[in-house]
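Data block for model-v9.tsv (TSV, C-alpha atoms):
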chain	number	residue	atom	x	y	z
L	16	MET	CA	-23.40	97.91	-44.79
L	17	VAL	CA	-25.93	95.41	-43.44
L	18	THR	CA	-24.86	93.66	-40.26
L	19	LEU	CA	-26.37	90.66	-38.50
L	20	TRP	CA	-27.17	91.00	-34.82
L	21	ILE	CA	-28.39	88.60	-32.20
L	22	VAL	CA	-30.53	90.58	-29.76
L	23	PRO	CA	-32.10	90.23	-26.31
L	24	SER	CA	-35.86	90.06	-25.81
L	25	ASP	CA	-37.73	93.35	-25.42
L	26	GLU	CA	-37.76	92.86	-21.66
L	27	ASP	CA	-34.03	92.18	-21.37
L	28	SER	CA	-33.23	94.97	-23.85
L	29	ALA	CA	-35.12	97.44	-21.67
L	30	LYS	CA	-33.10	96.31	-18.65
L	31	LEU	CA	-29.77	96.68	-20.42
L	32	ARG	CA	-30.74	100.11	-21.77
L	33	ILE	CA	-30.93	101.38	-18.18
L	34	ILE	CA	-27.20	100.76	-17.86
L	35	MET	CA	-26.50	101.91	-21.42
L	36	SER	CA	-28.22	105.25	-20.75
L	37	MET	CA	-25.49	106.31	-18.32
L	38	GLN	CA	-23.21	108.95	-19.78
L	39	SER	CA	-20.78	111.71	-18.94
L	40	SER	CA	-21.97	115.30	-19.07
L	41	THR	CA	-18.51	116.45	-20.19
L	42	CYS	CA	-18.55	114.78	-23.61
L	43	LYS	CA	-19.66	117.11	-26.38
L	44	THR	CA	-18.92	115.20	-29.58
L	45	ARG	CA	-20.45	112.03	-31.03
L	46	SER	CA	-20.06	109.98	-27.86
L	47	TYR	CA	-22.90	108.09	-26.20
L	48	PRO	CA	-25.29	107.66	-29.14
L	49	LYS	CA	-28.31	105.49	-28.45
L	50	PHE	CA	-28.32	102.00	-29.98
L	51	HIS	CA	-30.06	98.69	-29.40
L	52	PRO	CA	-28.19	96.12	-27.29
L	53	HIS	CA	-26.80	93.41	-29.55
L	54	ILE	CA	-24.05	90.95	-30.35
L	55	THR	CA	-22.72	91.34	-33.89
L	56	LEU	CA	-22.74	88.00	-35.71
L	57	ALA	CA	-21.46	89.26	-39.04
L	58	ALA	CA	-20.50	92.57	-40.63
L	59	PRO	CA	-19.99	91.96	-44.37
L	60	PRO	CA	-18.14	94.80	-46.12
L	61	SER	CA	-20.18	96.94	-48.52
L	62	SER	CA	-17.90	95.74	-51.32
L	63	SER	CA	-19.35	92.23	-50.97
L	64	HIS	CA	-22.67	93.44	-52.49
L	65	LEU	CA	-24.59	90.74	-50.65
L	66	THR	CA	-28.37	91.00	-50.83
L	67	LEU	CA	-30.67	90.78	-47.84
L	68	GLU	CA	-31.92	87.46	-49.17
L	69	GLN	CA	-28.38	86.08	-49.36
L	70	LEU	CA	-27.77	87.18	-45.80
L	71	ARG	CA	-30.99	85.52	-44.69
L	72	GLU	CA	-30.00	82.31	-46.44
L	73	SER	CA	-26.69	82.26	-44.55
L	74	ILE	CA	-28.57	81.43	-41.37
L	75	SER	CA	-28.73	77.73	-40.71
L	76	HIS	CA	-32.19	76.15	-40.91
L	77	HIS	CA	-31.25	73.92	-37.98
L	78	LEU	CA	-31.08	76.49	-35.21
L	79	PRO	CA	-32.30	76.07	-31.66
L	80	CYS	CA	-35.42	78.06	-30.75
L	81	LYS	CA	-33.24	80.20	-28.50
L	82	ILE	CA	-29.57	80.89	-27.94
L	83	ARG	CA	-28.35	81.35	-24.41
L	84	ILE	CA	-26.08	84.33	-23.78
L	85	ASP	CA	-24.00	84.30	-20.58
L	86	PHE	CA	-21.95	87.29	-19.42
L	87	LYS	CA	-18.26	86.76	-18.68
L	88	SER	CA	-16.83	90.19	-17.77
L	89	VAL	CA	-17.20	93.93	-18.32
L	90	ASN	CA	-14.19	95.30	-20.19
L	91	THR	CA	-12.81	98.60	-21.47
L	92	GLY	CA	-11.76	98.71	-25.12
L	93	ASN	CA	-9.78	101.07	-27.34
L	94	HIS	CA	-12.26	101.51	-30.19
L	95	PHE	CA	-15.42	103.59	-30.60
L	96	PHE	CA	-17.58	100.50	-31.14
L	97	ARG	CA	-15.92	98.62	-28.27
L	98	SER	CA	-15.58	101.40	-25.70
L	99	VAL	CA	-17.02	99.46	-22.76
L	100	TYR	CA	-18.53	96.06	-23.41
L	101	ILE	CA	-19.72	92.84	-21.85
L	102	ALA	CA	-17.55	89.92	-22.94
L	103	VAL	CA	-19.85	86.96	-23.58
L	104	GLN	CA	-19.13	83.29	-23.03
L	105	PRO	CA	-18.44	81.71	-26.46
L	106	SER	CA	-21.03	78.94	-26.24
L	107	PRO	CA	-21.11	76.14	-28.83
L	108	ASP	CA	-24.37	77.54	-30.30
L	109	LEU	CA	-22.90	81.02	-30.75
L	110	VAL	CA	-19.61	79.81	-32.17
L	111	SER	CA	-21.36	77.41	-34.55
L	112	LEU	CA	-23.75	80.09	-35.82
L	113	HIS	CA	-20.92	82.59	-36.32
L	114	LYS	CA	-18.90	80.02	-38.29
L	115	CYS	CA	-21.90	78.89	-40.36
L	116	ILE	CA	-22.71	82.42	-41.51
L	117	HIS	CA	-19.17	83.23	-42.60
L	118	THR	CA	-18.60	79.87	-44.25
L	119	THR	CA	-21.86	80.13	-46.21
L	120	LEU	CA	-21.11	83.69	-47.33
L	121	ASP	CA	-17.41	82.88	-47.98
L	122	LEU	CA	-16.33	85.81	-45.81
L	123	GLU	CA	-13.50	86.40	-43.39
L	124	PRO	CA	-14.96	87.32	-39.98
L	125	ARG	CA	-14.93	91.06	-39.24
L	126	THR	CA	-16.25	90.77	-35.68
L	127	PRO	CA	-13.45	91.77	-33.28
L	128	LEU	CA	-13.67	90.32	-29.76
L	129	PHE	CA	-16.57	88.08	-30.74
L	130	PRO	CA	-18.80	87.55	-28.87
L	131	HIS	CA	-19.39	90.80	-27.01
L	132	LEU	CA	-22.21	93.22	-26.25
L	133	SER	CA	-21.25	96.89	-26.23
L	134	LEU	CA	-22.66	99.09	-23.48
L	135	CYS	CA	-21.59	102.47	-24.84
L	136	TYR	CA	-19.77	104.11	-27.73
L	137	ILE	CA	-17.24	106.81	-26.77
L	138	ALA	CA	-15.35	108.80	-29.39
L	139	ASP	CA	-11.57	108.92	-29.32
L	140	GLU	CA	-11.62	112.70	-28.91
L	141	ASP	CA	-13.57	112.29	-25.66
L	142	ASP	CA	-11.28	109.55	-24.37
L	143	ALA	CA	-8.28	111.75	-23.70
L	144	ALA	CA	-5.48	109.63	-22.26
L	145	GLY	CA	-7.85	106.68	-22.13
L	146	LYS	CA	-9.78	108.14	-19.19
L	147	GLU	CA	-13.39	108.49	-20.33
L	148	ARG	CA	-13.91	104.83	-21.23
L	149	GLN	CA	-12.21	103.58	-18.09
L	150	GLU	CA	-14.09	106.07	-15.90
L	151	TRP	CA	-17.41	104.95	-17.40
L	152	ARG	CA	-16.55	101.36	-16.61
L	153	ASN	CA	-15.34	102.36	-13.12
L	154	GLN	CA	-18.67	104.09	-12.54
L	155	LEU	CA	-20.41	100.75	-13.04
L	156	GLU	CA	-18.11	99.18	-10.48
L	157	THR	CA	-18.33	101.90	-7.84
L	158	SER	CA	-22.11	102.20	-8.16
L	159	GLY	CA	-22.44	98.49	-7.43
L	160	ARG	CA	-23.80	97.54	-10.84
L	161	ILE	CA	-21.33	94.69	-11.43
L	162	ARG	CA	-20.64	91.65	-9.32
L	163	THR	CA	-18.74	88.43	-9.92
L	164	ILE	CA	-20.57	85.14	-9.55
L	165	GLY	CA	-18.86	81.79	-9.26
L	166	PRO	CA	-15.06	81.59	-9.55
L	167	ALA	CA	-13.37	84.93	-10.23
L	168	GLY	CA	-13.11	85.82	-13.91
L	169	VAL	CA	-15.67	83.22	-15.00
L	170	SER	CA	-18.95	85.15	-15.02
L	171	ILE	CA	-20.60	88.35	-13.82
L	172	GLU	CA	-24.00	89.86	-13.20
L	173	VAL	CA	-25.10	93.43	-13.87
L	174	ASN	CA	-27.69	95.32	-11.84
L	175	CYS	CA	-30.31	96.82	-14.14
L	176	SER	CA	-32.43	98.52	-11.48
L	177	LYS	CA	-33.21	102.14	-12.34
L	178	ASP	CA	-31.26	103.69	-9.49
L	179	GLY	CA	-28.71	100.93	-9.03
L	180	ALA	CA	-29.97	100.32	-5.52
L	181	GLY	CA	-32.52	97.67	-6.45
L	182	ASN	CA	-32.05	93.97	-6.95
L	183	ASP	CA	-32.58	93.48	-10.69
L	184	TRP	CA	-29.50	91.39	-11.50
L	185	ILE	CA	-29.02	89.55	-14.79
L	186	SER	CA	-26.14	87.28	-15.79
L	187	GLY	CA	-27.22	86.94	-19.41
L	188	PHE	CA	-30.33	86.36	-21.47
L	189	ASP	CA	-32.03	84.04	-23.92
L	190	ALA	CA	-31.99	85.38	-27.49
L	191	TYR	CA	-34.84	84.53	-29.83
L	192	GLU	CA	-34.18	86.79	-32.83
L	193	ILE	CA	-31.52	87.74	-35.36
L	194	TRP	CA	-31.78	91.24	-36.79
L	195	PHE	CA	-30.49	92.50	-40.14
L	196	VAL	CA	-29.48	96.13	-39.64
L	197	ASP	CA	-28.42	98.85	-42.07
L	198	CYS	CA	-25.46	100.39	-40.26
L	199	ASN	CA	-24.64	103.12	-42.77
L	200	GLY	CA	-24.35	106.64	-41.44
L	201	PRO	CA	-24.54	107.94	-37.86
L	202	VAL	CA	-25.32	105.36	-35.16
L	203	GLU	CA	-28.73	106.77	-34.30
L	204	SER	CA	-29.79	106.54	-37.95
L	205	TRP	CA	-29.18	102.77	-38.17
L	206	ALA	CA	-32.29	100.97	-39.38
L	207	VAL	CA	-33.57	97.43	-38.81
L	208	LEU	CA	-34.37	95.89	-42.21
L	209	HIS	CA	-35.57	92.47	-41.13
L	210	LYS	CA	-36.09	90.36	-38.01
L	211	LEU	CA	-35.64	86.59	-38.13
L	212	ARG	CA	-37.28	84.57	-35.37
L	213	LEU	CA	-35.30	81.51	-34.31
L	214	MET	CA	-37.25	78.31	-34.79
L	215	PRO	CA	-36.91	74.93	-33.06
L	216	ASN	CA	-35.07	72.14	-34.79
L	217	PRO	CA	-37.39	69.84	-36.77

Give the structure from the file, written as structure tokens.
Amino acid sequence: MVTLWIVPSDEDSAKLRIIMSMQSSTCKTRSYPKFHPHITLAAPPSSSHLTLEQLRESISHHLPCKIRIDFKSVNTGNHFFRSVYIAVQPSPDLVSLHKCIHTTLDLEPRTPLFPHLSLCYIADEDDAAGKERQEWRNQLETSGRIRTIGPAGVSIEVNCSKDGAGNDWISGFDAYEIWFVDCNGPVESWAVLHKLRLMPNP
């Protein structure tokens, strides 16, 4: 299965990976695999048999040179791929791109909780009674890595300093690329097949 991701810049990815590298020492299964920070734009089923070229062509030729991503909240989910995630503001650019891809490919969206950026993947067997995912999220809170900005529930910042004591806060990022990723097999074996640089409107 080839999925389409919108990704942060190298600099912002490195910052987010500092938070994503946190894990529990008690988990001994397939929890906490390493993966690149991303927002899934589309996840066509393997049965669709879409080629990489068809997926590339689903991207509008009238895209902005960047897409702004703003963080809304940090939430706990009930699925491996949505264990703890940053809910993202559904901006007009993001919503339009998501709709364009699925309309062009004639696909029903398979992107639950779009748009979101997962921070960790925790297996069900490690989330006994729903504790591991919630505790991981609580760890962000208690270590001072999350703070609300503006009216409550509207937006947040995360602290990406290495020890959590610094002042490296980000409330989102500008995305400049869409990646096409082969997501077959274990998470850490996923492979980037192609990177599409966003271009300014003519």

Output as a tab-separated table one row per residue of range 155-207 of chain L within 12 Å of range 73-78 of chain L: the closest atom pair and its distance in Å to one decimal place, counting all atoms listed in the file, sorted by chain and residue number ascending.
residue	atom	partner	partner_atom	distance
L:Ala190	CA	L:Leu78	CA	11.8
L:Tyr191	CA	L:Leu78	CA	10.4
L:Glu192	CA	L:Leu78	CA	11.0
L:Ile193	CA	L:Ile74	CA	9.2
L:Trp194	CA	L:Ile74	CA	11.3
L:Phe195	CA	L:Ile74	CA	11.3

Problem set entry | Selection near Phe50 in chain L, 9 Å with all atoms listed in the file, sequence-local residues under 6 positions removed, as a ChimeraX atom specification | /L:32,35,135,202-203,205

Exercise. What's the 7 Å shell around range 160-170 of chain L, counting all atoms listed in the file, without same-chain residues fewer than 3 positions away, as a PyMOL selection string?
Worked result: chain L and resi 86-88+155-156+173-174+179

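Checking L:Leu112, L:Ile34, L:Ala58, L:Cys80 one by one against Leu134 in chain L, counting only C-alpha atoms, you find the shortest gap at L:Ile34.
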
For this session: Please identify all polymer residues within 9 Å of Asp139 in chain L, counting only C-alpha atoms, omitting same-chain residues fewer than 5 positions from it, and present them as a list in words.
Result: Ser46, Asn93, His94, Phe95 and Gly145 of chain L

For this session: For CA of Gln69 in chain L and CA of Thr119 in chain L, determine how far apart the two atoms are, in Å to one decimal place.
Result: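 Calculated distance between CA of Gln69 in chain L and CA of Thr119 in chain L is 9.4 Å.
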
Problem set entry | Nearby residues, (-36.3, 88.1, -26.1) file frame, 12 Å, only C-alpha atoms, as a PyMOL selection string | chain L and resi 21-30+52-53+80-84+187-193+212-213

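Nearest residue to Asn199 in chain L among L:Thr55, L:Leu31, L:Arg125, L:Ser61 is L:Ser61, counting only C-alpha atoms.
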
With a distance cut-off of 12 Å and only C-alpha atoms, select the neighbouring residues of Leu70 in chain L, excluding the residue or stretch itself and same-chain residues fewer than 2 positions from it, and output the selection as a PDB file with C-alpha atoms, in the coordinates of the input.
ATOM      1  CA  MET L  16     -23.400  97.910 -44.790  1.00  0.00           C
ATOM      2  CA  VAL L  17     -25.930  95.410 -43.440  1.00  0.00           C
ATOM      3  CA  THR L  18     -24.860  93.660 -40.260  1.00  0.00           C
ATOM      4  CA  LEU L  19     -26.370  90.660 -38.500  1.00  0.00           C
ATOM      5  CA  TRP L  20     -27.170  91.000 -34.820  1.00  0.00           C
ATOM      6  CA  LEU L  56     -22.740  88.000 -35.710  1.00  0.00           C
ATOM      7  CA  ALA L  57     -21.460  89.260 -39.040  1.00  0.00           C
ATOM      8  CA  ALA L  58     -20.500  92.570 -40.630  1.00  0.00           C
ATOM      9  CA  PRO L  59     -19.990  91.960 -44.370  1.00  0.00           C
ATOM     10  CA  SER L  63     -19.350  92.230 -50.970  1.00  0.00           C
ATOM     11  CA  HIS L  64     -22.670  93.440 -52.490  1.00  0.00           C
ATOM     12  CA  LEU L  65     -24.590  90.740 -50.650  1.00  0.00           C
ATOM     13  CA  THR L  66     -28.370  91.000 -50.830  1.00  0.00           C
ATOM     14  CA  LEU L  67     -30.670  90.780 -47.840  1.00  0.00           C
ATOM     15  CA  GLU L  68     -31.920  87.460 -49.170  1.00  0.00           C
ATOM     16  CA  GLU L  72     -30.000  82.310 -46.440  1.00  0.00           C
ATOM     17  CA  SER L  73     -26.690  82.260 -44.550  1.00  0.00           C
ATOM     18  CA  ILE L  74     -28.570  81.430 -41.370  1.00  0.00           C
ATOM     19  CA  SER L  75     -28.730  77.730 -40.710  1.00  0.00           C
ATOM     20  CA  CYS L 115     -21.900  78.890 -40.360  1.00  0.00           C
ATOM     21  CA  ILE L 116     -22.710  82.420 -41.510  1.00  0.00           C
ATOM     22  CA  HIS L 117     -19.170  83.230 -42.600  1.00  0.00           C
ATOM     23  CA  THR L 118     -18.600  79.870 -44.250  1.00  0.00           C
ATOM     24  CA  THR L 119     -21.860  80.130 -46.210  1.00  0.00           C
ATOM     25  CA  LEU L 120     -21.110  83.690 -47.330  1.00  0.00           C
ATOM     26  CA  ASP L 121     -17.410  82.880 -47.980  1.00  0.00           C
ATOM     27  CA  LEU L 122     -16.330  85.810 -45.810  1.00  0.00           C
ATOM     28  CA  ILE L 193     -31.520  87.740 -35.360  1.00  0.00           C
ATOM     29  CA  TRP L 194     -31.780  91.240 -36.790  1.00  0.00           C
ATOM     30  CA  PHE L 195     -30.490  92.500 -40.140  1.00  0.00           C
ATOM     31  CA  VAL L 196     -29.480  96.130 -39.640  1.00  0.00           C
ATOM     32  CA  LEU L 208     -34.370  95.890 -42.210  1.00  0.00           C
ATOM     33  CA  HIS L 209     -35.570  92.470 -41.130  1.00  0.00           C
ATOM     34  CA  LYS L 210     -36.090  90.360 -38.010  1.00  0.00           C
ATOM     35  CA  LEU L 211     -35.640  86.590 -38.130  1.00  0.00           C
TER      36      LEU L 211
END

For this session: Work out how far CA of Ala138 in chain L is from CA of Gly200 in chain L, in Å to one decimal.
Result: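 That distance, rounded to one decimal, is 15.2 Å.
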
Exercise. Distance CA of Pro105 in chain L-CA of Gln149 in chain L, one decimal place?
Worked result: 24.2 Å

Complete range 41-56 of chain L at the level of N, CA, C and O atoms, written as an mmCIF file, keeping the file's coordinate frame.
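Result written to result.cif:
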data_model
loop_
_atom_site.group_PDB
_atom_site.id
_atom_site.type_symbol
_atom_site.label_atom_id
_atom_site.label_comp_id
_atom_site.auth_asym_id
_atom_site.auth_seq_id
_atom_site.Cartn_x
_atom_site.Cartn_y
_atom_site.Cartn_z
ATOM 1 N N THR L 41 -19.628 115.660 -19.671
ATOM 2 C CA THR L 41 -18.510 116.450 -20.190
ATOM 3 C C THR L 41 -18.257 116.199 -21.665
ATOM 4 O O THR L 41 -17.557 116.969 -22.309
ATOM 5 N N CYS L 42 -18.808 115.118 -22.212
ATOM 6 C CA CYS L 42 -18.550 114.780 -23.610
ATOM 7 C C CYS L 42 -19.466 115.601 -24.518
ATOM 8 O O CYS L 42 -20.679 115.639 -24.321
ATOM 9 N N LYS L 43 -18.883 116.213 -25.532
ATOM 10 C CA LYS L 43 -19.660 117.110 -26.380
ATOM 11 C C LYS L 43 -19.557 116.750 -27.865
ATOM 12 O O LYS L 43 -19.944 117.522 -28.727
ATOM 13 N N THR L 44 -19.055 115.564 -28.174
ATOM 14 C CA THR L 44 -18.920 115.200 -29.580
ATOM 15 C C THR L 44 -19.948 114.126 -29.916
ATOM 16 O O THR L 44 -21.104 114.242 -29.572
ATOM 17 N N ARG L 45 -19.515 113.076 -30.593
ATOM 18 C CA ARG L 45 -20.450 112.030 -31.030
ATOM 19 C C ARG L 45 -20.515 110.861 -30.058
ATOM 20 O O ARG L 45 -21.031 109.800 -30.401
ATOM 21 N N SER L 46 -20.032 111.050 -28.851
ATOM 22 C CA SER L 46 -20.060 109.980 -27.860
ATOM 23 C C SER L 46 -21.473 109.731 -27.343
ATOM 24 O O SER L 46 -22.337 110.602 -27.392
ATOM 25 N N TYR L 47 -21.665 108.529 -26.840
ATOM 26 C CA TYR L 47 -22.900 108.090 -26.200
ATOM 27 C C TYR L 47 -24.146 108.155 -27.088
ATOM 28 O O TYR L 47 -25.217 108.541 -26.618
ATOM 29 N N PRO L 48 -24.050 107.761 -28.357
ATOM 30 C CA PRO L 48 -25.290 107.660 -29.140
ATOM 31 C C PRO L 48 -26.132 106.503 -28.633
ATOM 32 O O PRO L 48 -25.611 105.551 -28.037
ATOM 33 N N LYS L 49 -27.425 106.569 -28.867
ATOM 34 C CA LYS L 49 -28.310 105.490 -28.450
ATOM 35 C C LYS L 49 -28.287 104.381 -29.514
ATOM 36 O O LYS L 49 -28.299 104.655 -30.707
ATOM 37 N N PHE L 50 -28.258 103.126 -29.055
ATOM 38 C CA PHE L 50 -28.320 102.000 -29.980
ATOM 39 C C PHE L 50 -28.912 100.805 -29.238
ATOM 40 O O PHE L 50 -28.921 100.757 -27.999
ATOM 41 N N HIS L 51 -29.419 99.849 -30.000
ATOM 42 C CA HIS L 51 -30.060 98.690 -29.400
ATOM 43 C C HIS L 51 -29.001 97.699 -28.926
ATOM 44 O O HIS L 51 -28.012 97.451 -29.628
ATOM 45 N N PRO L 52 -29.156 97.114 -27.747
ATOM 46 C CA PRO L 52 -28.190 96.120 -27.290
ATOM 47 C C PRO L 52 -28.144 94.929 -28.252
ATOM 48 O O PRO L 52 -29.178 94.433 -28.683
ATOM 49 N N HIS L 53 -26.931 94.481 -28.563
ATOM 50 C CA HIS L 53 -26.800 93.410 -29.550
ATOM 51 C C HIS L 53 -25.408 92.788 -29.499
ATOM 52 O O HIS L 53 -24.465 93.383 -28.982
ATOM 53 N N ILE L 54 -25.318 91.607 -30.065
ATOM 54 C CA ILE L 54 -24.050 90.950 -30.350
ATOM 55 C C ILE L 54 -23.934 90.848 -31.862
ATOM 56 O O ILE L 54 -24.822 90.292 -32.517
ATOM 57 N N THR L 55 -22.880 91.385 -32.432
ATOM 58 C CA THR L 55 -22.720 91.340 -33.890
ATOM 59 C C THR L 55 -22.263 89.943 -34.308
ATOM 60 O O THR L 55 -21.226 89.449 -33.858
ATOM 61 N N LEU L 56 -23.067 89.329 -35.184
ATOM 62 C CA LEU L 56 -22.740 88.000 -35.710
ATOM 63 C C LEU L 56 -21.913 88.093 -36.978
ATOM 64 O O LEU L 56 -21.055 87.241 -37.238
#
